[in-house]
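Beneath this line is the structure, given in structure tokens, with notes to follow.
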Protein chains: 2
Amino acid sequence: MPLLIRLFSTLSHLIGALIVAALFASLLAGLIRFGYISVTDPVTNKPHFLAKQEYLANMPSAKDNAPNIIVIFFDDLGWGDLSSYGNQLIETPNIDAIAKQGLLMTDFYSASPVCTPSRAALLTGRFPPRTRTDRHVFFPDHSVMGVSRRIIGLANALPKEEITVAEALQHGGYRTGMVGKWHLGDHEAHKPNDFGFEYFYGVLFSNDMFPLHLYHNEDIVIEDQRKGGFFTSERDETRPLPGNGIDQRELTSLYTQAAISFVEKNDDAPFFLYLSHSLPHVPHYASTEFANTSRGGTYGDVVEDLDRSTGALIEALDRQGLADNTIIIITSDNGADYNGSPGGLRGRKGDVLEGGQRVPMIVRWPSEIQSGRVTDEMAMNSDLFPTLLNFAQLPLPQDRIIDGRDITGLLKGDEGSPHEFLYYFPVLETLPAAIRNDEFKLMGKAKDFGRKRMHLSRLNGDTEAHDVQNLYPEQSASMRQALEQKQDEVRTNKRGWSL
Amino acid sequence: MPLLIRLFSTLSHLIGALIVAALFASLLAGLIRFGYISVTDPVTNKPHFLAKQEYLANMPSAKDNAPNIIVIFFDDLGWGDLSSYGNQLIETPNIDAIAKQGLLMTDFYSASPVCTPSRAALLTGRFPPRTRTDRHVFFPDHSVMGVSRRIIGLANALPKEEITVAEALQHGGYRTGMVGKWHLGDHEAHKPNDFGFEYFYGVLFSNDMFPLHLYHNEDIVIEDQRKGGFFTSERDETRPLPGNGIDQRELTSLYTQAAISFVEKNDDAPFFLYLSHSLPHVPHYASTEFANTSRGGTYGDVVEDLDRSTGALIEALDRQGLADNTIIIITSDNGADYNGSPGGLRGRKGDVLEGGQRVPMIVRWPSEIQSGRVTDEMAMNSDLFPTLLNFAQLPLPQDRIIDGRDITGLLKGDEGSPHEFLYYFPVLETLPAAIRNDEFKLMGKAKDFGRKRMHLSRLNGDTEAHDVQNLYPEQSASMRQALEQKQDEVRTNKRGWSL
């Protein structure tokens with residue numbers, strides 16, 4: 001009898017699904033036929049595109065002796081994945097040494113718990129909805145997911161009116177290079193070279209997405225010849241794929257060589273290098289040379305590869321005599337995925353819990369930042385845009401809200417955090433759903449959290465376990481008000497235009 | 001245009017859903033009409049029901065001076081929720097004191113990450129599928145979920161042929177009492193009094209389920225008069241409901257008084273008291289007397305209520321002069337829910353990750369167990385059945401597999417764990433999906449874990465973050481083999497009959 005019941009249930013589900021699929025297919029065909037799926041250049045806001053052009057055209061030169069800037073951005077590296085952040089199995093002596101020579105931040109955040117919006121925030125200084133990177137991540141434009149995103153009105157490329165820190169620095173006289181993962185769209189005229197990077201060597205998407213070509217500027221230098229859908233079926237690092245695309249075991253090494261070459265070629269002007277590693281995102285491809293040497297398993301091998309890469313880059317920099325006036329920033333785009341470590345934090349990649357967004361942050365700048373300092377002052381990767389421009393003494397654009405704050409004073413140890421609050425933007429939503437100050441974090445009714453209730457947690461002595469709204473009703477009410485105020489502000493001015 | 005698209009999508013979903021609903025409704029009507037939804041007594045295996053009757057009828061008397069046994073079972077108390085287990089906000093001085101007078105176990109497990117199967121395992125010594133408590137939890141028999149479970153062939157009451165430790169002890173001459181939450185069905189003849197408890201005072205379901213009557217034996221002493229579905233709409237402890245049912249703020253106190261009365265009335269024979277608290281399961285109703293006094297918020301108030309309750313019970317026991325030969329066992333039915341603390345462990349209630357199943361375990365027995373001991377030897381709540389019977393020197397049934405092991409030697413400090421492996425049973429599955437030994441844990445392709453891949457983690461120096469299969473291929477293979485062997489064994493002999 002149960003068999004008959006299951007048959008009925010399956011059949012009825014199938015009927016519903018077929019009807020939905022048929023309707024969807026007709027709809028899609030119609031939309032393509034009548035041109036509603038755009039393949040044109042998605043400048044979404046012309047006035048601000050013009051304002052951007054004016055801002056860049058009038059950019060003054062960076063100050064004399066402006067520092068070189070290297071941002072090393074790891075993918076999915078968790079807050080607890082480095083030995084300097086307490087990992088007991090993985091050893092990262094090179095990165096730890098950089099921390100000892102500079103500043104280690106315990107309370108630094110990515111602007112999102114996933115790739116695309118975090119990268120957009122780092123490059124533009126703006127919250128995910130400002131840059132239309134709210135609601136998940138970008139997909140290859142002609143994949144099912146890419147098309148679907150555009151059909152339902154979501155962006156799938158960074159809008160042309162957005163200003164990246166690379167564009168600002170480039171117009172201020174910097175040599176700009178990007179090595180590694182972009183993940184801000186593969187739409188024509190929306191690639192790294194179109195957003196201020198004069199040099200690009202890397203990939204446009206995550207290393208588990210398809211197709212994964214390796215680019216040198218606009219040219220494909222290694223073509224992905226695998227057959228597959230918009231996700232590859234290949235997430236298993238025990239089966240690398242030499243011969244029909246990038247051998248991912250060599251990816252970190254290829255990036256490192258390109259980054260070192262860039263540094264070696266640019267000792268005549270200040271440079272900005274954005275080294276955006278593809279790893280330790282899944283699949284965890286480690287180099288064969290050091291395979292199975294980390295006590296942290298294959299994932300540990302991958303992180304230790306990245307540590308060696310970092311060491312080699314710093315060594316090249318020091319060899320060039322550039323160490324003193326080069327600021328090195330090491331951080332991650334979001335918290336640990338399922339095979340990394342959030343340390344003692346709650347949650348992981350994809351969550352607005354601490355483990356989803358709190359990430360390592362190490363800054364070395366020998367001439368300006370004292371060595372061996374650790375701070376628990378809070379900051380976010382959206383702060384880098386105004387901070388880096390301040391380093392070069394370049395002006396900020398005036399037609400738009402820059403959500404990040406200049407943290408120069410915090411980095412140098414002269415001041416505390418410029419933030420009264422930080423805001424957390426959940427992956428599939430547009431509005432912020434959580435807020436923290438120095439002591440507390442208030443989670444709004446986020447899907448992450450049990451039965452969607454408010455939750456106030458202490459940030460010291462607890463790991464977001466126990467709700468303490470009853471003990472701090474005033475704190476709770478004022479944080480709730482601040483969160484709702486920010487939600488209103490984003491709701492009414494999603495793109496954050498100030499003119 | 002997006003509006004039109006959304007309209008189409010919504011419509012098509014609706015059509016599918018309506019068809020499914022219509023089919024389901026006709027099916028349900030038919031099943032009820034033709035009597036396929038059983039309301040008869042679900043003895044599911046007659047031969048073993050007869051074997052049980054024979055086993056109980058031939059039960060010898062417990063040994064002279066057999067110890068009294070008190071099992072204090074908390075609901076959803078996390079591994080990190082007690083100060084003796086490292087909580088920084090919640091203070092549990094009474095429970096901590098008991099731990100200091102006895103044994104604290106760091107590696108003790110519930111047999112399931114949810115209520116019903118864990119309770120069944122504690123009382124019967126058998127894995128969830130043996131007792132038909134695999135696949136989620138029991139619901140009120142006449143609720144939508146209760147009916148649905150029976151339609152699809154799942155049990156919704158503990159089968160009558162199962163033998164509880166209360167039945168065995170009762171036939172060995174123990175006075176048996178249960179206070180608190182049952183959660184093993186409300187089917188006729190399947191309530192606590194039908195499974196060996198001569199005294200019952202408590203509720204049949206979780207405190208967020210409906211209706212929640214308070215029973216004294218078979219009688220309802222406080223009737224739930226709320227209107228509502230199979231879940232109440234009332235999960236918010238800031239709005240208690242006096243007047244139309246149990247005032248849950250008093251639940252811990254009512255249980256405590258009942259437990260103390262039971263202890264005071266039973267000093268002439270050995271007794272077994274199963275005090276199965278409803279809290280700290282949601283909703284977190286704390287007593288008004290000590291409201292807002294815990295630094296752990298309302299949840300902390302609830303846990304501290306439970307600690308005071310434990311203190312009061314122990315004090316009553318000591319007052320009776322029974323301390324020396326009474327074994328007190330304090331543990332929890334599964335890991336922390338969203339508002340509790342798993343300590344540093346990964347995962348929570350519902351997960352086969354450590355945070356879902358590793359729970360506090362404290363044992364005091366002054367005449368037999370030395371004070372102040374801490375052990376990391378592994379054990380599980382299914383071990384209590386054979387262990388408690390051994391304390392009383394009563395025989396085990398021979399017609400069925402008892403999955404638990406006698407841990408007397410471990411408790412007394414004479415021996416290590418009797419287990420080579422522990423097995424983890426995921427909530428919605430029948431077969432075990434993970435396995436641990438002294439050093440490692442191997443997760444099978446459980447839904448909890450990323451892209452459903454195998455994951456071997458060290459249990460020391462890591463929190464299930466990093467897969468180390470590549471470093472320990474032999475260990476990995478042998479654990480996988482042991483897991484698959486157990487899966488085969490359960491697949492072919494789900495109910496675990498040995499005769």
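Quick note on naming: the chains in the structure tokens go A, B, ... in the order shown, residues restart at 1 in each chain, and ligands are numbered from 1 in order of appearance.
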Tell me, counting only C-alpha atoms, for each residue of chain B within 6 Å of chain A, which pair of atoms is nearest and how far apart they are in Å to one decimal, in rows ordered by chain and increasing number, as a Markdown table.
| residue | atom | partner | partner_atom | distance |
| --- | --- | --- | --- | --- |
| B:Ser12 | CA | A:Val20 | CA | 5.0 |
| B:Gly16 | CA | A:Gly16 | CA | 3.4 |
| B:Val20 | CA | A:Ser12 | CA | 5.0 |
| B:Gln88 | CA | A:Gly461 | CA | 5.8 |
| B:Gly296 | CA | A:His466 | CA | 5.7 |
| B:Gly297 | CA | A:Val468 | CA | 4.1 |
| B:Tyr338 | CA | A:Gly450 | CA | 5.4 |
| B:Asn339 | CA | A:His466 | CA | 5.4 |
| B:Gly340 | CA | A:Ala465 | CA | 5.3 |
| B:Ser341 | CA | A:Ala465 | CA | 5.1 |
| B:Gly344 | CA | A:Gly344 | CA | 5.8 |
| B:Gly450 | CA | A:Tyr338 | CA | 5.4 |
| B:Gly461 | CA | A:Gln88 | CA | 5.8 |
| B:Ala465 | CA | A:Ser341 | CA | 5.1 |
| B:His466 | CA | A:Asn339 | CA | 5.4 |
| B:Asp467 | CA | A:Gly297 | CA | 5.7 |
| B:Val468 | CA | A:Gly297 | CA | 4.1 |
Please dump the current selection as a compact mmCIF listing (two decimals), in the first residue's frame; keep all heavy atoms.
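Result file follows (selection03.txt):
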# COMPACT_ATOMS: atom_id res chain seq x y z
N SER B 12 1.89 29.03 -12.24
CA SER B 12 2.23 27.66 -12.61
C SER B 12 2.55 26.84 -11.37
O SER B 12 2.18 25.68 -11.26
CB SER B 12 3.39 27.64 -13.60
OG SER B 12 4.52 28.22 -13.02
N GLY B 16 0.42 23.38 -9.99
CA GLY B 16 1.06 22.15 -9.54
C GLY B 16 0.66 21.81 -8.12
O GLY B 16 0.29 20.68 -7.81
N VAL B 20 -1.41 18.51 -6.66
CA VAL B 20 -0.83 17.67 -5.61
C VAL B 20 -1.77 17.61 -4.42
O VAL B 20 -2.05 16.54 -3.87
CB VAL B 20 0.55 18.22 -5.17
CG1 VAL B 20 1.07 17.42 -3.98
CG2 VAL B 20 1.53 18.16 -6.32
N GLN B 88 30.80 30.55 29.89
CA GLN B 88 31.32 31.75 30.54
C GLN B 88 30.20 32.63 31.10
O GLN B 88 30.47 33.56 31.87
CB GLN B 88 32.11 32.59 29.54
CG GLN B 88 33.29 31.88 28.91
CD GLN B 88 34.40 31.65 29.91
OE1 GLN B 88 34.86 32.58 30.56
NE2 GLN B 88 34.82 30.40 30.07
N GLY B 296 23.51 34.76 31.05
CA GLY B 296 23.24 34.08 29.78
C GLY B 296 21.85 34.38 29.23
O GLY B 296 21.36 33.63 28.38
N GLY B 297 21.22 35.45 29.71
CA GLY B 297 19.91 35.84 29.18
C GLY B 297 18.81 34.90 29.63
O GLY B 297 18.97 34.15 30.61
N TYR B 338 19.29 26.31 18.63
CA TYR B 338 19.89 27.56 18.16
C TYR B 338 20.24 28.56 19.25
O TYR B 338 21.10 29.39 19.07
CB TYR B 338 18.99 28.22 17.11
CG TYR B 338 17.67 28.72 17.64
CD1 TYR B 338 17.55 30.03 18.10
CD2 TYR B 338 16.55 27.89 17.66
CE1 TYR B 338 16.33 30.49 18.57
CE2 TYR B 338 15.35 28.35 18.13
CZ TYR B 338 15.23 29.65 18.58
OH TYR B 338 14.05 30.10 19.06
N ASN B 339 19.58 28.43 20.41
CA ASN B 339 19.86 29.39 21.48
C ASN B 339 20.64 28.81 22.64
O ASN B 339 20.62 29.33 23.75
CB ASN B 339 18.55 30.01 21.98
CG ASN B 339 18.77 31.35 22.65
OD1 ASN B 339 19.88 31.87 22.68
ND2 ASN B 339 17.72 31.92 23.21
N GLY B 340 21.33 27.70 22.44
CA GLY B 340 22.19 27.13 23.47
C GLY B 340 23.62 27.12 22.97
O GLY B 340 23.90 27.64 21.89
N SER B 341 24.51 26.51 23.74
CA SER B 341 25.91 26.51 23.33
C SER B 341 26.46 25.11 23.12
O SER B 341 26.42 24.28 24.03
CB SER B 341 26.76 27.22 24.38
OG SER B 341 28.12 27.02 24.09
N GLY B 344 32.86 24.52 21.97
CA GLY B 344 33.63 24.74 20.74
C GLY B 344 33.29 23.75 19.64
O GLY B 344 33.93 23.73 18.60
N GLY B 450 28.69 19.68 3.55
CA GLY B 450 29.11 20.25 2.28
C GLY B 450 28.48 19.53 1.13
O GLY B 450 27.28 19.38 1.04
N GLY B 461 42.51 18.61 18.77
CA GLY B 461 43.20 19.70 18.06
C GLY B 461 42.43 20.19 16.86
O GLY B 461 42.93 21.03 16.12
N ALA B 465 36.89 20.50 11.39
CA ALA B 465 37.07 21.47 10.31
C ALA B 465 37.75 20.84 9.10
O ALA B 465 37.30 21.01 7.97
CB ALA B 465 37.87 22.67 10.81
N HIS B 466 38.85 20.14 9.33
CA HIS B 466 39.70 19.76 8.21
C HIS B 466 39.69 18.25 7.96
O HIS B 466 40.02 17.46 8.84
CB HIS B 466 41.13 20.24 8.47
CG HIS B 466 41.22 21.70 8.81
ND1 HIS B 466 40.64 22.67 8.03
CD2 HIS B 466 41.80 22.35 9.85
CE1 HIS B 466 40.88 23.87 8.57
NE2 HIS B 466 41.56 23.70 9.68
N ASP B 467 39.35 17.90 6.74
CA ASP B 467 39.36 16.50 6.32
C ASP B 467 40.80 16.02 6.16
O ASP B 467 41.59 16.62 5.44
CB ASP B 467 38.62 16.40 4.98
CG ASP B 467 38.71 15.01 4.37
OD1 ASP B 467 38.78 14.04 5.14
OD2 ASP B 467 38.71 14.92 3.13
N VAL B 468 41.14 14.92 6.83
CA VAL B 468 42.51 14.41 6.75
C VAL B 468 42.57 12.99 6.18
O VAL B 468 43.48 12.22 6.50
CB VAL B 468 43.21 14.47 8.14
CG1 VAL B 468 43.47 15.92 8.52
CG2 VAL B 468 42.40 13.77 9.23
* To do: Name the residues of region 86-148 of chain B that fall into alpha helix (DSSP H) according to DSSP on the backbone, using the chain letters and numbers of this document, as a PyMOL selection string.
  => chain B and resi 93-101+115-124+144-148
* Contact residues around region 406-420 of chain B with only C-alpha atoms at 6 Å, ignoring same-chain residues under 3 positions, as a list in words -> Ile369, Glu377, Met378, Asp383, Pro386, Thr387 and Asn437 of chain B
Restricting it to N, CA and C atoms, dump the selection as a short mmCIF file (atom, residue, chain, number, x, y, z; two decimals), in the first residue's frame.
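New file again-v3.cif:
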data_model
loop_
_atom_site.label_atom_id
_atom_site.label_comp_id
_atom_site.auth_asym_id
_atom_site.auth_seq_id
_atom_site.Cartn_x
_atom_site.Cartn_y
_atom_site.Cartn_z
N ILE B 369 32.07 5.43 42.96
CA ILE B 369 32.83 6.20 41.97
C ILE B 369 33.63 7.28 42.68
N GLU B 377 36.98 9.13 27.79
CA GLU B 377 36.59 7.86 27.18
C GLU B 377 35.17 8.00 26.62
N MET B 378 34.94 7.39 25.47
CA MET B 378 33.65 7.61 24.80
C MET B 378 32.57 6.63 25.26
N ASP B 383 24.12 3.17 26.31
CA ASP B 383 24.85 2.30 27.24
C ASP B 383 24.15 2.19 28.60
N PRO B 386 22.14 -1.46 29.56
CA PRO B 386 22.91 -2.59 30.12
C PRO B 386 23.66 -2.20 31.41
N THR B 387 24.06 -0.94 31.51
CA THR B 387 24.84 -0.53 32.69
C THR B 387 23.96 -0.52 33.95
N ASN B 437 36.19 6.62 16.53
CA ASN B 437 36.93 5.79 17.47
C ASN B 437 37.62 6.74 18.45
#
* Which distance in Å separates CA of Asn334 (chain B) and CA of Ala482 (chain B), to one decimal? ->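 So the two atoms, CA of Asn334 (chain B) and CA of Ala482 (chain B), lie 24.1 Å apart.
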* To do: With a distance cut-off of 8 Å and only C-alpha atoms, select the neighbouring residues of region 263-269 of chain B, excluding the residue or stretch itself and same-chain residues fewer than 3 positions from it, and output the selection as an MDAnalysis selection string.
  => chainID B and resid 173:175 259:260 273 316:317 320 322
* Asked: Looking only at the backbone, which of the residues in region 329-363 of chain B does DSSP tag as strand (DSSP E or B), as a list in words?
  ->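 Residues of region 329-363 of chain B classed as strand (DSSP E or B): Ile329, Ile330, Thr331, Ser332, Arg358, Val359, Pro360, Met361, Ile362 and Val363 of chain B.
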* Give me the residues within 7 Å of Pro360 (chain B) as a ChimeraX atom specification, counting only C-alpha atoms and dropping any in the same chain fewer than 4 places off. => /B:79,105-106,108,331-332
* **Residues near region 131-134 of chain B, cut-off 8 Å, only C-alpha atoms, skip fewer than 2 positions along chain, as JSON, numbers by chain** => {"B": [116, 117, 120, 121, 126, 127, 128, 129, 136, 137, 138, 154, 155, 156, 158, 159, 162, 427, 428, 429, 430, 495]}
Residues from the last selection, C-alpha atoms, saved as a PDB file, in the first residue's frame:
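The new file part.pdb reads:
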ATOM      1  CA  THR B 116      12.452  10.826  20.335  1.00  0.00           C
ATOM      2  CA  PRO B 117      15.183   8.432  19.171  1.00  0.00           C
ATOM      3  CA  ALA B 120      14.126   5.528  23.089  1.00  0.00           C
ATOM      4  CA  ALA B 121      17.830   4.639  23.094  1.00  0.00           C
ATOM      5  CA  ARG B 126      18.983   0.251  21.255  1.00  0.00           C
ATOM      6  CA  PHE B 127      19.781   2.324  18.168  1.00  0.00           C
ATOM      7  CA  PRO B 128      16.948   4.425  16.657  1.00  0.00           C
ATOM      8  CA  PRO B 129      15.936   2.028  13.832  1.00  0.00           C
ATOM      9  CA  HIS B 136      12.512  12.460  13.006  1.00  0.00           C
ATOM     10  CA  VAL B 137      10.268  12.541  16.113  1.00  0.00           C
ATOM     11  CA  PHE B 138       6.815  11.417  17.231  1.00  0.00           C
ATOM     12  CA  LEU B 154       6.594   5.437  10.108  1.00  0.00           C
ATOM     13  CA  ALA B 155       5.994   4.601  13.748  1.00  0.00           C
ATOM     14  CA  ASN B 156       4.434   7.197  16.003  1.00  0.00           C
ATOM     15  CA  LEU B 158       7.292   3.106  20.931  1.00  0.00           C
ATOM     16  CA  PRO B 159       6.391  -0.457  19.845  1.00  0.00           C
ATOM     17  CA  GLU B 162      10.403  -2.889  23.154  1.00  0.00           C
ATOM     18  CA  VAL B 427      17.676  12.556  11.966  1.00  0.00           C
ATOM     19  CA  LEU B 428      15.934  11.728   8.717  1.00  0.00           C
ATOM     20  CA  GLU B 429      17.721   8.499   7.885  1.00  0.00           C
ATOM     21  CA  THR B 430      17.624   4.926   9.062  1.00  0.00           C
ATOM     22  CA  ARG B 495      14.887  -4.122  14.353  1.00  0.00           C
TER      23      ARG B 495
END
Just the residues within 10 Å of region 53-63 of chain B, please, counting only C-alpha atoms, with nothing from its chain fewer than 5 positions along; format it as a short mmCIF file (atom, residue, chain, number, x, y, z; two decimals) with N, CA, C and O atoms, in the first residue's frame.
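out.cif, written as the output of this step:
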data_model
loop_
_atom_site.label_atom_id
_atom_site.label_comp_id
_atom_site.auth_asym_id
_atom_site.auth_seq_id
_atom_site.Cartn_x
_atom_site.Cartn_y
_atom_site.Cartn_z
N PRO B 47 5.97 -12.11 18.11
CA PRO B 47 6.89 -13.04 18.78
C PRO B 47 7.79 -12.34 19.81
O PRO B 47 8.01 -12.86 20.90
N HIS B 48 8.26 -11.15 19.48
CA HIS B 48 9.15 -10.48 20.43
C HIS B 48 8.39 -9.81 21.55
O HIS B 48 8.94 -9.57 22.62
N GLU B 161 6.63 -4.21 21.92
CA GLU B 161 7.61 -5.27 22.16
C GLU B 161 8.96 -4.75 22.65
O GLU B 161 9.83 -5.52 23.06
N ILE B 163 11.58 -3.19 25.22
CA ILE B 163 11.71 -3.34 26.68
C ILE B 163 12.44 -2.11 27.23
O ILE B 163 13.56 -1.81 26.82
N GLU B 167 10.88 -1.08 32.89
CA GLU B 167 10.19 -2.38 33.00
C GLU B 167 11.10 -3.43 33.63
O GLU B 167 10.68 -4.18 34.52
N ALA B 168 12.34 -3.47 33.17
CA ALA B 168 13.27 -4.46 33.70
C ALA B 168 13.51 -4.23 35.19
O ALA B 168 13.43 -5.17 36.00
N LEU B 169 13.77 -2.98 35.56
CA LEU B 169 14.03 -2.68 36.97
C LEU B 169 12.78 -2.94 37.83
O LEU B 169 12.88 -3.47 38.94
N GLN B 170 11.64 -2.54 37.27
CA GLN B 170 10.39 -2.75 38.01
C GLN B 170 10.19 -4.24 38.33
O GLN B 170 9.86 -4.60 39.45
N HIS B 171 10.42 -5.07 37.33
CA HIS B 171 10.26 -6.51 37.56
C HIS B 171 11.36 -7.07 38.45
O HIS B 171 11.23 -8.15 39.00
N GLY B 172 12.46 -6.32 38.58
CA GLY B 172 13.52 -6.72 39.51
C GLY B 172 13.29 -6.17 40.91
O GLY B 172 14.16 -6.28 41.77
N GLY B 173 12.16 -5.52 41.13
CA GLY B 173 11.83 -5.06 42.47
C GLY B 173 12.00 -3.58 42.72
O GLY B 173 11.82 -3.11 43.85
N TYR B 174 12.37 -2.83 41.69
CA TYR B 174 12.53 -1.39 41.85
C TYR B 174 11.18 -0.68 41.88
O TYR B 174 10.22 -1.12 41.23
N PRO B 270 14.80 -0.14 46.55
CA PRO B 270 15.57 0.65 45.57
C PRO B 270 14.60 1.31 44.59
O PRO B 270 13.55 0.75 44.28
N LEU B 389 21.18 -2.15 34.40
CA LEU B 389 20.80 -3.53 34.74
C LEU B 389 21.95 -4.24 35.44
O LEU B 389 21.74 -5.01 36.38
N ASN B 390 23.16 -3.94 35.01
CA ASN B 390 24.31 -4.54 35.68
C ASN B 390 24.43 -4.07 37.13
O ASN B 390 24.73 -4.86 38.03
N PHE B 391 24.17 -2.77 37.36
CA PHE B 391 24.20 -2.26 38.74
C PHE B 391 23.27 -3.07 39.64
O PHE B 391 23.56 -3.31 40.81
N ALA B 392 22.11 -3.42 39.07
CA ALA B 392 21.12 -4.16 39.87
C ALA B 392 21.31 -5.67 39.76
O ALA B 392 20.58 -6.44 40.37
N GLN B 393 22.32 -6.06 38.95
CA GLN B 393 22.55 -7.48 38.64
C GLN B 393 21.30 -8.17 38.13
O GLN B 393 20.86 -9.21 38.64
N LEU B 394 20.74 -7.56 37.11
CA LEU B 394 19.60 -8.15 36.42
C LEU B 394 20.05 -8.56 35.02
O LEU B 394 20.94 -7.93 34.44
N PRO B 395 19.47 -9.63 34.47
CA PRO B 395 19.92 -10.14 33.16
C PRO B 395 19.40 -9.27 32.00
O PRO B 395 18.39 -8.58 32.14
N LEU B 396 20.10 -9.36 30.88
CA LEU B 396 19.65 -8.68 29.66
C LEU B 396 18.74 -9.61 28.89
O LEU B 396 18.85 -10.83 29.01
N PRO B 397 17.85 -9.07 28.06
CA PRO B 397 17.04 -9.94 27.21
C PRO B 397 17.93 -10.61 26.16
O PRO B 397 18.95 -10.05 25.77
N GLN B 398 17.55 -11.80 25.76
CA GLN B 398 18.39 -12.57 24.84
C GLN B 398 17.86 -12.60 23.41
O GLN B 398 18.54 -13.07 22.51
N ASP B 399 16.64 -12.12 23.20
CA ASP B 399 16.03 -12.24 21.88
C ASP B 399 16.33 -11.06 20.97
O ASP B 399 15.82 -10.97 19.86
#
* How many Å lie between CA of Asp208 (chain B) and CA of Ala434 (chain A), rounded to one decimal? ->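 We find that CA of Asp208 (chain B) and CA of Ala434 (chain A) lie 26.5 Å from each other.
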* To do: Can you work out which one of B:Lys227, B:His213, B:Arg130, B:Arg491 has the shortest atom-to-atom distance to Asp403 (chain B), counting only C-alpha atoms?
  => B:Arg130
* Just give me the gap between CA of Asp307 (chain A) and CA of Ala258 (chain A) in Å, one decimal is fine. =>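 It comes out at 16.1 Å.
The residue that comes closest to Ala477 (chain A), out of A:Leu442, A:Val363, A:Leu431, A:Ala323 and on the basis of only C-alpha atoms, is A:Leu442.
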